[in-house]
file start_28.cif (mmCIF, C-alpha atoms)
data_data
loop_
_atom_site.group_PDB
_atom_site.id
_atom_site.type_symbol
_atom_site.label_atom_id
_atom_site.label_comp_id
_atom_site.auth_asym_id
_atom_site.auth_seq_id
_atom_site.Cartn_x
_atom_site.Cartn_y
_atom_site.Cartn_z
ATOM 1 C CA ALA A 1 78.542 143.930 81.382
ATOM 2 C CA ALA A 2 75.116 144.423 79.785
ATOM 3 C CA LEU A 3 73.983 141.924 77.161
ATOM 4 C CA VAL A 4 72.143 143.616 74.285
ATOM 5 C CA ASN A 5 72.937 141.040 71.593
ATOM 6 C CA PRO A 6 71.942 137.338 71.514
ATOM 7 C CA ALA A 7 74.485 135.258 73.452
ATOM 8 C CA LYS A 8 75.243 131.729 74.569
ATOM 9 C CA ILE A 9 77.203 131.299 77.777
ATOM 10 C CA LEU A 10 78.769 128.163 79.276
ATOM 11 C CA ALA A 11 80.396 128.448 82.694
ATOM 12 C CA GLY A 12 80.739 126.709 86.036
ATOM 13 C CA SER A 13 78.822 129.453 87.853
ATOM 14 C CA ILE A 14 77.168 132.653 86.707
ATOM 15 C CA PHE A 15 76.452 135.891 88.605
ATOM 16 C CA LEU A 16 74.066 138.195 86.711
ATOM 17 C CA ASN A 17 74.100 141.747 88.008
ATOM 18 C CA ASP A 18 73.510 143.889 84.924
ATOM 19 C CA GLN A 19 71.058 144.365 82.080
ATOM 20 C CA ILE A 20 70.074 141.478 79.813
ATOM 21 C CA ALA A 21 68.058 142.829 76.908
ATOM 22 C CA SER A 22 68.620 140.047 74.383
ATOM 23 C CA THR A 23 67.882 136.343 73.953
ATOM 24 C CA THR A 24 70.476 134.614 76.119
ATOM 25 C CA ASP A 25 71.158 130.915 76.679
ATOM 26 C CA ILE A 26 73.182 129.975 79.763
ATOM 27 C CA THR A 27 74.450 126.526 80.745
ATOM 28 C CA THR A 28 75.939 126.376 84.218
ATOM 29 C CA GLN A 29 76.081 124.555 87.515
ATOM 30 C CA LYS A 30 74.873 127.548 89.522
ATOM 31 C CA ILE A 31 73.274 130.865 88.577
ATOM 32 C CA VAL A 32 72.693 133.880 90.834
ATOM 33 C CA VAL A 33 70.680 136.946 89.827
ATOM 34 C CA GLY A 34 72.047 139.965 91.682
ATOM 35 C CA SER A 35 70.104 142.921 93.123
ATOM 36 C CA SER A 36 71.167 145.203 90.247
ATOM 37 C CA ALA A 37 70.128 142.781 87.498
ATOM 38 C CA ASN A 38 67.546 143.913 84.937
ATOM 39 C CA ILE A 39 66.326 141.079 82.735
ATOM 40 C CA SER A 40 64.102 142.409 79.981
ATOM 41 C CA GLY A 41 65.109 139.914 77.282
ATOM 42 C CA ASN A 42 64.492 136.208 76.949
ATOM 43 C CA LEU A 43 66.710 134.189 79.293
ATOM 44 C CA ARG A 44 66.942 130.435 79.054
ATOM 45 C CA TYR A 45 69.221 128.743 81.510
ATOM 46 C CA PHE A 46 70.219 125.084 81.942
ATOM 47 C CA ALA A 47 71.324 124.121 85.450
ATOM 48 C CA PRO A 48 70.827 121.441 88.140
ATOM 49 C CA ASN A 49 68.824 123.896 90.288
ATOM 50 C CA LYS A 50 66.764 127.036 89.838
ATOM 51 C CA ALA A 51 68.503 130.403 89.921
ATOM 52 C CA GLU A 52 69.043 132.189 93.212
ATOM 53 C CA ILE A 53 67.336 135.560 92.831
ATOM 54 C CA ILE A 54 68.420 138.317 95.221
ATOM 55 C CA SER A 55 65.773 140.854 96.159
ATOM 56 C CA GLY A 56 65.978 144.102 94.244
ATOM 57 C CA SER A 57 66.519 142.501 90.859
ATOM 58 C CA LYS A 58 64.109 143.346 88.055
ATOM 59 C CA VAL A 59 62.788 140.570 85.828
ATOM 60 C CA THR A 60 60.331 141.611 83.111
ATOM 61 C CA GLY A 61 61.428 139.282 80.309
ATOM 62 C CA ASP A 62 60.720 135.602 79.756
ATOM 63 C CA VAL A 63 62.905 133.385 81.987
ATOM 64 C CA SER A 64 62.827 129.621 81.484
ATOM 65 C CA PHE A 65 64.563 127.043 83.623
ATOM 66 C CA ASN A 66 65.722 123.714 82.129
ATOM 67 C CA GLU A 67 66.893 121.203 84.696
ATOM 68 C CA ILE A 68 70.149 119.349 84.091
ATOM 69 C CA LYS A 69 70.399 116.136 86.028
ATOM 70 C CA THR A 70 73.832 115.284 87.352
ATOM 71 C CA ILE A 71 75.575 112.004 86.551
ATOM 72 C CA ARG A 72 74.837 110.808 90.061
ATOM 73 C CA GLU A 73 71.127 111.649 89.795
ATOM 74 C CA ARG A 74 70.837 109.900 86.448
ATOM 75 C CA GLY A 75 72.429 106.810 87.968
ATOM 76 C CA VAL A 76 75.147 106.679 85.314
ATOM 77 C CA VAL A 77 77.869 105.700 87.782
ATOM 78 C CA LYS A 78 75.679 103.082 89.462
ATOM 79 C CA SER A 79 74.678 101.658 86.090
ATOM 80 C CA ALA A 80 78.308 101.546 84.931
ATOM 81 C CA VAL A 81 79.416 99.782 88.121
ATOM 82 C CA LEU A 82 76.587 97.227 87.872
ATOM 83 C CA ASN A 83 77.387 96.570 84.204
ATOM 84 C CA LEU A 84 81.068 96.128 85.040
ATOM 85 C CA LEU A 85 80.277 93.758 87.896
ATOM 86 C CA SER A 86 77.890 91.768 85.706
ATOM 87 C CA PHE A 87 80.515 91.487 82.991
ATOM 88 C CA TRP A 88 83.165 90.423 85.526
ATOM 89 C CA ILE A 89 80.894 87.780 87.097
ATOM 90 C CA ILE A 90 79.981 86.315 83.688
ATOM 91 C CA PHE A 91 83.598 86.427 82.489
ATOM 92 C CA LYS A 92 84.861 84.778 85.675
ATOM 93 C CA PHE A 93 82.118 82.136 85.526
ATOM 94 C CA LEU A 94 82.903 81.220 81.901
ATOM 95 C CA THR A 95 86.663 81.205 82.550
ATOM 96 C CA THR A 96 86.214 78.925 85.571
ATOM 97 C CA LEU A 97 83.947 76.655 83.531
ATOM 98 C CA ILE A 98 86.576 76.381 80.769
ATOM 99 C CA LEU A 99 89.289 75.614 83.333
ATOM 100 C CA ALA A 100 87.064 72.923 84.872
ATOM 101 C CA PHE A 101 86.538 71.416 81.418
ATOM 102 C CA ILE A 102 90.299 71.305 80.814
ATOM 103 C CA ALA A 103 90.895 69.924 84.314
ATOM 104 C CA THR A 104 88.355 67.099 83.980
ATOM 105 C CA TYR A 105 89.292 66.042 80.453
ATOM 106 C CA VAL A 106 92.898 67.049 79.745
ATOM 107 C CA PHE A 107 94.327 66.736 83.265
ATOM 108 C CA ARG A 108 91.862 64.135 84.465
ATOM 109 C CA VAL A 109 94.322 62.052 86.524
ATOM 110 C CA PHE A 110 95.661 65.123 88.346
ATOM 111 C CA THR A 111 92.164 66.479 89.038
ATOM 112 C CA GLN A 112 90.833 63.091 90.164
ATOM 113 C CA ASN A 113 93.710 62.607 92.622
ATOM 114 C CA VAL A 114 93.354 66.146 93.980
ATOM 115 C CA THR A 115 89.606 65.635 94.422
ATOM 116 C CA ASN A 116 90.213 62.334 96.221
ATOM 117 C CA LEU A 117 92.627 64.036 98.623
ATOM 118 C CA ALA A 118 90.203 66.889 99.293
ATOM 119 C CA MET A 119 87.208 64.665 99.894
ATOM 120 C CA GLY A 120 89.227 62.174 101.882
ATOM 121 C CA SER A 121 90.216 64.799 104.424
ATOM 122 C CA MET A 122 88.620 68.236 104.102
ATOM 123 C CA ILE A 123 90.086 69.521 107.357
ATOM 124 C CA ARG A 124 93.629 68.466 106.496
ATOM 125 C CA SER A 125 93.323 69.982 103.022
ATOM 126 C CA PHE A 126 91.940 73.218 104.478
ATOM 127 C CA PHE A 127 94.846 73.679 106.888
ATOM 128 C CA SER A 128 97.295 72.650 104.170
ATOM 129 C CA GLY A 129 95.753 75.373 102.010
ATOM 130 C CA VAL A 130 96.080 77.978 104.759
ATOM 131 C CA GLY A 131 99.717 76.980 105.264
ATOM 132 C CA ALA A 132 100.403 77.109 101.519
ATOM 133 C CA LEU A 133 98.838 80.553 101.165
ATOM 134 C CA ILE A 134 101.033 81.922 103.957
ATOM 135 C CA LEU A 135 104.296 79.993 103.658
ATOM 136 C CA ILE A 136 104.883 79.537 99.919
ATOM 137 C CA PRO A 137 105.201 83.284 99.131
ATOM 138 C CA ILE A 138 107.563 83.732 102.092
ATOM 139 C CA VAL A 139 109.728 80.746 101.169
ATOM 140 C CA SER A 140 109.742 81.788 97.495
ATOM 141 C CA LEU A 141 110.856 85.315 98.385
ATOM 142 C CA ILE A 142 113.651 84.004 100.641
ATOM 143 C CA LEU A 143 114.885 81.660 97.900
ATOM 144 C CA ILE A 144 114.759 84.411 95.259
ATOM 145 C CA VAL A 145 116.621 86.897 97.480
ATOM 146 C CA SER A 146 119.287 84.303 98.321
ATOM 147 C CA LEU A 147 120.204 84.156 94.578
ATOM 148 C CA ILE A 148 121.699 80.695 95.038
ATOM 149 C CA ALA A 149 118.259 79.073 94.948
ATOM 150 C CA LEU A 150 116.784 81.663 92.573
ATOM 151 C CA PRO A 151 115.373 79.124 90.051
ATOM 152 C CA ILE A 152 113.725 77.120 92.833
ATOM 153 C CA GLY A 153 112.197 80.297 94.246
ATOM 154 C CA PHE A 154 110.703 81.205 90.874
ATOM 155 C CA LEU A 155 109.452 77.628 90.466
ATOM 156 C CA PHE A 156 107.707 77.824 93.836
ATOM 157 C CA MET A 157 106.154 81.156 92.892
ATOM 158 C CA LEU A 158 104.912 79.819 89.546
ATOM 159 C CA ALA A 159 103.392 76.802 91.315
ATOM 160 C CA TYR A 160 101.727 79.171 93.786
ATOM 161 C CA ILE A 161 100.250 81.300 90.977
ATOM 162 C CA PHE A 162 99.091 78.153 89.164
ATOM 163 C CA ALA A 163 97.297 76.960 92.315
ATOM 164 C CA LEU A 164 95.558 80.337 92.713
ATOM 165 C CA ILE A 165 94.397 80.351 89.087
ATOM 166 C CA ILE A 166 93.085 76.794 89.000
ATOM 167 C CA SER A 167 91.685 76.649 92.565
ATOM 168 C CA PRO A 168 88.242 78.128 91.696
ATOM 169 C CA ALA A 169 87.745 75.421 89.042
ATOM 170 C CA ILE A 170 89.021 72.664 91.347
ATOM 171 C CA SER A 171 86.775 73.889 94.174
ATOM 172 C CA GLY A 172 83.836 73.637 91.743
ATOM 173 C CA VAL A 173 84.882 70.083 90.878
ATOM 174 C CA ILE A 174 85.094 69.215 94.572
ATOM 175 C CA ILE A 175 81.739 70.665 95.620
ATOM 176 C CA GLY A 176 79.987 69.210 92.550
ATOM 177 C CA THR A 177 81.441 65.753 93.176
ATOM 178 C CA LEU A 178 80.604 66.025 96.865
ATOM 179 C CA LEU A 179 77.021 67.024 96.119
ATOM 180 C CA PHE A 180 76.410 64.226 93.612
ATOM 181 C CA GLY A 181 78.162 61.764 95.933
ATOM 182 C CA ILE A 182 75.270 62.095 98.369
ATOM 183 C CA PHE A 183 72.890 60.531 95.864
ATOM 184 C CA GLU A 184 75.266 58.212 94.007
ATOM 185 C CA GLU A 185 76.311 54.721 94.927
ATOM 186 C CA GLY A 186 79.628 53.132 94.059
ATOM 187 C CA GLU A 187 82.264 55.530 92.727
ATOM 188 C CA LYS A 188 81.134 58.582 94.652
ATOM 189 C CA HIS A 189 84.394 60.455 94.036
ATOM 190 C CA ARG A 190 84.461 59.985 90.266
ATOM 191 C CA ILE A 191 84.762 63.369 88.593
ATOM 192 C CA THR A 192 82.801 64.475 85.531
ATOM 193 C CA PHE A 193 82.442 67.808 83.805
ATOM 194 C CA GLY A 194 78.697 67.779 84.497
ATOM 195 C CA LYS A 195 79.285 67.542 88.245
ATOM 196 C CA SER A 196 81.963 70.230 88.000
ATOM 197 C CA ALA A 197 79.622 72.573 86.097
ATOM 198 C CA VAL A 198 76.944 72.206 88.788
ATOM 199 C CA GLY A 199 79.545 72.923 91.470
ATOM 200 C CA ILE A 200 80.745 76.055 89.680
ATOM 201 C CA VAL A 201 77.170 77.302 89.190
ATOM 202 C CA LEU A 202 76.516 76.745 92.900
ATOM 203 C CA LEU A 203 79.713 78.560 93.960
ATOM 204 C CA THR A 204 78.894 81.457 91.626
ATOM 205 C CA ALA A 205 75.413 81.739 93.131
ATOM 206 C CA LEU A 206 76.825 81.595 96.674
ATOM 207 C CA GLN A 207 78.684 84.866 96.207
ATOM 208 C CA PHE A 208 75.324 86.656 96.252
ATOM 209 C CA VAL A 209 74.584 85.300 99.715
ATOM 210 C CA PRO A 210 76.040 87.692 102.321
ATOM 211 C CA VAL A 211 78.694 86.307 104.695
ATOM 212 C CA VAL A 212 77.689 82.615 104.515
ATOM 213 C CA GLY A 213 78.089 82.432 100.742
ATOM 214 C CA GLU A 214 81.471 84.163 100.666
ATOM 215 C CA LEU A 215 82.676 82.099 103.626
ATOM 216 C CA THR A 216 81.645 78.826 101.945
ATOM 217 C CA LYS A 217 83.335 79.857 98.722
ATOM 218 C CA PHE A 218 86.506 80.805 100.610
ATOM 219 C CA ILE A 219 86.611 77.489 102.509
ATOM 220 C CA PHE A 220 86.272 75.363 99.372
ATOM 221 C CA THR A 221 88.871 77.473 97.530
ATOM 222 C CA VAL A 222 91.354 76.994 100.382
ATOM 223 C CA VAL A 223 90.533 73.265 100.483
ATOM 224 C CA ALA A 224 91.280 73.088 96.747
ATOM 225 C CA ILE A 225 94.622 74.876 97.206
ATOM 226 C CA GLY A 226 95.463 72.543 100.099
ATOM 227 C CA ALA A 227 94.620 69.438 98.086
ATOM 228 C CA ILE A 228 96.700 70.691 95.137
ATOM 229 C CA THR A 229 99.607 71.371 97.506
ATOM 230 C CA ARG A 230 99.326 67.942 99.137
ATOM 231 C CA TYR A 231 99.210 66.154 95.782
ATOM 232 C CA THR A 232 102.132 68.163 94.364
ATOM 233 C CA TYR A 233 104.207 67.586 97.499
ATOM 234 C CA GLY A 234 103.462 63.845 97.465
ATOM 235 C CA TYR A 235 104.250 63.623 93.745
ATOM 236 C CA VAL A 236 107.579 65.474 94.048
ATOM 237 C CA VAL A 237 108.737 63.947 97.323
#

call {"tool": "encode", "arguments": {"input": "start_28.cif", "output": "structure tokens"}}
result
Amino acid sequence: AALVNPAKILAGSIFLNDQIASTTDITTQKIVVGSSANISGNLRYFAPNKAEIISGSKVTGDVSFNEIKTIRERGVVKSAVLNLLSFWIIFKFLTTLILAFIATYVFRVFTQNVTNLAMGSMIRSFFSGVGALILIPIVSLILIVSLIALPIGFLFMLAYIFALIISPAISGVIIGTLLFGIFEEGEKHRITFGKSAVGIVLLTALQFVPVVGELTKFIFTVVAIGAITRYTYGYVV
């Protein structure tokens, strides 16, 4: 239909194939000017790309193109993802730091014994961690399904979740104590929050190193889980 009065149009795509004799504003993703179009008025259109003009159309009025950049072109999605990742990294770092503080001051005896076990035998703790990660969920599920040992199954599962939550902090304690132990004499395995903080900072930085960083972080986390499992097993049994 011909447009003889001022109009504002918003649509996904527009096909102009008639007379436009008025001031018209169009916002769209795609605009096509057909062969029968006769644009004698002022046309302003907002779109990602210029209009596709088919030969035969008549344009005597003022046509202005205003580019609309897509979300992808403006980098909105990329910026949002980077902001989310930055927030998550900072949040995780601070949470791990708080857990390390609690571990070294409130549960000092537990953390010291776990650190001693880890540093005394890294390989044994690593394989104990691998075994715990695989076997504890299976055993817990079997006990829960059996109904008879339902409380024990839930207890195992809670212990498993606890180990997963605290393992990043404990791994920071271990690597910090190990690092300072190279330069210290005497009580090399003595834990402090300062050592733990350095270890956590180092592990956080390692995640930005492709492959090697993630692998190192994974190994120390599994070692921490293994040491926690060994200490808990020895304490209970």

call {"tool": "resolve_selection", "arguments": {"input": "start_28.cif", "expression": "the PyMOL selection byres ((chain A and resi 149-166) around 9)", "output": "PyMOL selection string"}}
result
chain A and resi 96+99-100+103+132-133+136-137+139-148+167-171+221+224-225+228-229

call {"tool": "write_last_selection", "arguments": {"input": "start_28.cif", "atoms": "C-alpha atoms", "output": "short mmCIF file (atom, residue, chain, number, x, y, z; two decimals), in the coordinates of the input"}}
result
data_model
loop_
_atom_site.label_atom_id
_atom_site.label_comp_id
_atom_site.auth_asym_id
_atom_site.auth_seq_id
_atom_site.Cartn_x
_atom_site.Cartn_y
_atom_site.Cartn_z
CA THR A 96 86.21 78.92 85.57
CA LEU A 99 89.29 75.61 83.33
CA ALA A 100 87.06 72.92 84.87
CA ALA A 103 90.90 69.92 84.31
CA ALA A 132 100.40 77.11 101.52
CA LEU A 133 98.84 80.55 101.16
CA ILE A 136 104.88 79.54 99.92
CA PRO A 137 105.20 83.28 99.13
CA VAL A 139 109.73 80.75 101.17
CA SER A 140 109.74 81.79 97.50
CA LEU A 141 110.86 85.32 98.38
CA ILE A 142 113.65 84.00 100.64
CA LEU A 143 114.88 81.66 97.90
CA ILE A 144 114.76 84.41 95.26
CA VAL A 145 116.62 86.90 97.48
CA SER A 146 119.29 84.30 98.32
CA LEU A 147 120.20 84.16 94.58
CA ILE A 148 121.70 80.69 95.04
CA SER A 167 91.68 76.65 92.56
CA PRO A 168 88.24 78.13 91.70
CA ALA A 169 87.74 75.42 89.04
CA ILE A 170 89.02 72.66 91.35
CA SER A 171 86.78 73.89 94.17
CA THR A 221 88.87 77.47 97.53
CA ALA A 224 91.28 73.09 96.75
CA ILE A 225 94.62 74.88 97.21
CA ILE A 228 96.70 70.69 95.14
CA THR A 229 99.61 71.37 97.51
#

call {"tool": "closest_residue", "arguments": {"input": "start_28.cif", "among": "A:Leu117, A:Ala227, A:Lys30, A:Ala7", "to": "A:Gly129", "atoms": "all atoms listed in the file"}}
result
A:Ala227

call {"tool": "atom_distance", "arguments": {"input": "start_28.cif", "atom1": "atom CA of A:Val222", "atom2": "atom CA of A:Val130"}}
result
6.5 Å

call {"tool": "residues_around", "arguments": {"input": "start_28.cif", "residues": "stretch 204-208 of chain A", "least_positions_apart": "4", "cutoff": "12 Å", "atoms": "all atoms listed in the file", "output": "PDB file with C-alpha atoms, in the frame of the given file"}}
result
ATOM      1  CA  SER A  86      77.890  91.768  85.706  1.00  0.00           C
ATOM      2  CA  TRP A  88      83.165  90.423  85.526  1.00  0.00           C
ATOM      3  CA  ILE A  89      80.894  87.780  87.097  1.00  0.00           C
ATOM      4  CA  ILE A  90      79.981  86.315  83.688  1.00  0.00           C
ATOM      5  CA  PHE A  91      83.598  86.427  82.489  1.00  0.00           C
ATOM      6  CA  LYS A  92      84.861  84.778  85.675  1.00  0.00           C
ATOM      7  CA  PHE A  93      82.118  82.136  85.526  1.00  0.00           C
ATOM      8  CA  LEU A  94      82.903  81.220  81.901  1.00  0.00           C
ATOM      9  CA  THR A  95      86.663  81.205  82.550  1.00  0.00           C
ATOM     10  CA  THR A  96      86.214  78.925  85.571  1.00  0.00           C
ATOM     11  CA  LEU A  97      83.947  76.655  83.531  1.00  0.00           C
ATOM     12  CA  PRO A 168      88.242  78.128  91.696  1.00  0.00           C
ATOM     13  CA  ALA A 169      87.745  75.421  89.042  1.00  0.00           C
ATOM     14  CA  SER A 171      86.775  73.889  94.174  1.00  0.00           C
ATOM     15  CA  GLY A 172      83.836  73.637  91.743  1.00  0.00           C
ATOM     16  CA  ILE A 175      81.739  70.665  95.620  1.00  0.00           C
ATOM     17  CA  ALA A 197      79.622  72.573  86.097  1.00  0.00           C
ATOM     18  CA  VAL A 198      76.944  72.206  88.788  1.00  0.00           C
ATOM     19  CA  GLY A 199      79.545  72.923  91.470  1.00  0.00           C
ATOM     20  CA  ILE A 200      80.745  76.055  89.680  1.00  0.00           C
ATOM     21  CA  VAL A 212      77.689  82.615 104.515  1.00  0.00           C
ATOM     22  CA  GLY A 213      78.089  82.432 100.742  1.00  0.00           C
ATOM     23  CA  GLU A 214      81.471  84.163 100.666  1.00  0.00           C
ATOM     24  CA  LEU A 215      82.676  82.099 103.626  1.00  0.00           C
ATOM     25  CA  THR A 216      81.645  78.826 101.945  1.00  0.00           C
ATOM     26  CA  LYS A 217      83.335  79.857  98.722  1.00  0.00           C
ATOM     27  CA  PHE A 218      86.506  80.805 100.610  1.00  0.00           C
ATOM     28  CA  PHE A 220      86.272  75.363  99.372  1.00  0.00           C
TER      29      PHE A 220
END

call {"tool": "resolve_selection", "arguments": {"input": "start_28.cif", "expression": "the PyMOL selection byres ((chain A and resi 27) around 12)", "output": "ChimeraX atom specification"}}
result
/A:7-14,24-26,28-31,43-51,65-68

call {"tool": "closest_residue", "arguments": {"input": "start_28.cif", "among": "A:Arg190, A:Ile102, A:Leu202, A:Phe110", "to": "A:Thr232", "atoms": "only C-alpha atoms"}}
result
A:Phe110

call {"tool": "axis_aligned_box", "arguments": {"input": "start_28.cif", "around": "stretch 191-195 of chain A", "padding_each_side": "8 Å", "output": "AutoDock Vina command-line options"}}
result
--center_x 81.7 --center_y 65.6 --center_z 86.2 --size_x 22.1 --size_y 20.4 --size_z 20.8

call {"tool": "closest_residue", "arguments": {"input": "start_28.cif", "among": "A:Phe107, A:Phe126, A:Tyr231, A:Phe87", "to": "A:Ile191", "atoms": "all atoms listed in the file"}}
result
A:Phe107

call {"tool": "build_atoms", "arguments": {"input": "start_28.cif", "residues": "stretch 101-116 of chain A", "atoms": "N, CA, C and O atoms", "output": "CSV table (one decimal), in the coordinates of the input"}}
result
chain,number,residue,atom,x,y,z
A,101,PHE,N,86.6,72.3,82.6
A,101,PHE,CA,86.5,71.4,81.4
A,101,PHE,C,87.9,70.9,81.1
A,101,PHE,O,88.1,69.6,80.9
A,102,ILE,N,88.9,71.7,81.1
A,102,ILE,CA,90.3,71.3,80.8
A,102,ILE,C,90.8,70.4,81.9
A,102,ILE,O,91.5,69.4,81.6
A,103,ALA,N,90.4,70.7,83.2
A,103,ALA,CA,90.9,69.9,84.3
A,103,ALA,C,90.3,68.5,84.3
A,103,ALA,O,91.0,67.5,84.6
A,104,THR,N,89.0,68.4,83.9
A,104,THR,CA,88.4,67.1,84.0
A,104,THR,C,88.6,66.2,82.8
A,104,THR,O,88.5,65.0,82.8
A,105,TYR,N,89.0,66.8,81.7
A,105,TYR,CA,89.3,66.0,80.5
A,105,TYR,C,90.8,65.9,80.1
A,105,TYR,O,91.3,64.9,79.8
A,106,VAL,N,91.5,67.1,80.1
A,106,VAL,CA,92.9,67.0,79.7
A,106,VAL,C,93.8,66.6,80.9
A,106,VAL,O,94.7,65.8,80.7
A,107,PHE,N,93.5,67.1,82.1
A,107,PHE,CA,94.3,66.7,83.3
A,107,PHE,C,93.5,65.9,84.2
A,107,PHE,O,93.4,66.2,85.4
A,108,ARG,N,92.8,64.9,83.7
A,108,ARG,CA,91.9,64.1,84.5
A,108,ARG,C,92.5,63.4,85.7
A,108,ARG,O,91.9,63.4,86.8
A,109,VAL,N,93.7,62.8,85.4
A,109,VAL,CA,94.3,62.1,86.5
A,109,VAL,C,94.7,63.0,87.7
A,109,VAL,O,94.4,62.7,88.8
A,110,PHE,N,95.3,64.1,87.3
A,110,PHE,CA,95.7,65.1,88.3
A,110,PHE,C,94.4,65.6,89.1
A,110,PHE,O,94.4,65.6,90.4
A,111,THR,N,93.4,66.0,88.4
A,111,THR,CA,92.2,66.5,89.0
A,111,THR,C,91.5,65.4,89.9
A,111,THR,O,91.0,65.7,91.0
A,112,GLN,N,91.5,64.2,89.4
A,112,GLN,CA,90.8,63.1,90.2
A,112,GLN,C,91.6,62.9,91.5
A,112,GLN,O,91.0,62.7,92.5
A,113,ASN,N,92.9,62.8,91.4
A,113,ASN,CA,93.7,62.6,92.6
A,113,ASN,C,93.6,63.8,93.6
A,113,ASN,O,93.5,63.5,94.8
A,114,VAL,N,93.5,65.0,93.1
A,114,VAL,CA,93.4,66.1,94.0
A,114,VAL,C,92.0,66.1,94.6
A,114,VAL,O,91.8,66.4,95.8
A,115,THR,N,91.0,65.7,93.9
A,115,THR,CA,89.6,65.6,94.4
A,115,THR,C,89.5,64.5,95.5
A,115,THR,O,88.9,64.7,96.5
A,116,ASN,N,90.2,63.4,95.2
A,116,ASN,CA,90.2,62.3,96.2
A,116,ASN,C,90.8,62.8,97.5
A,116,ASN,O,90.4,62.5,98.6
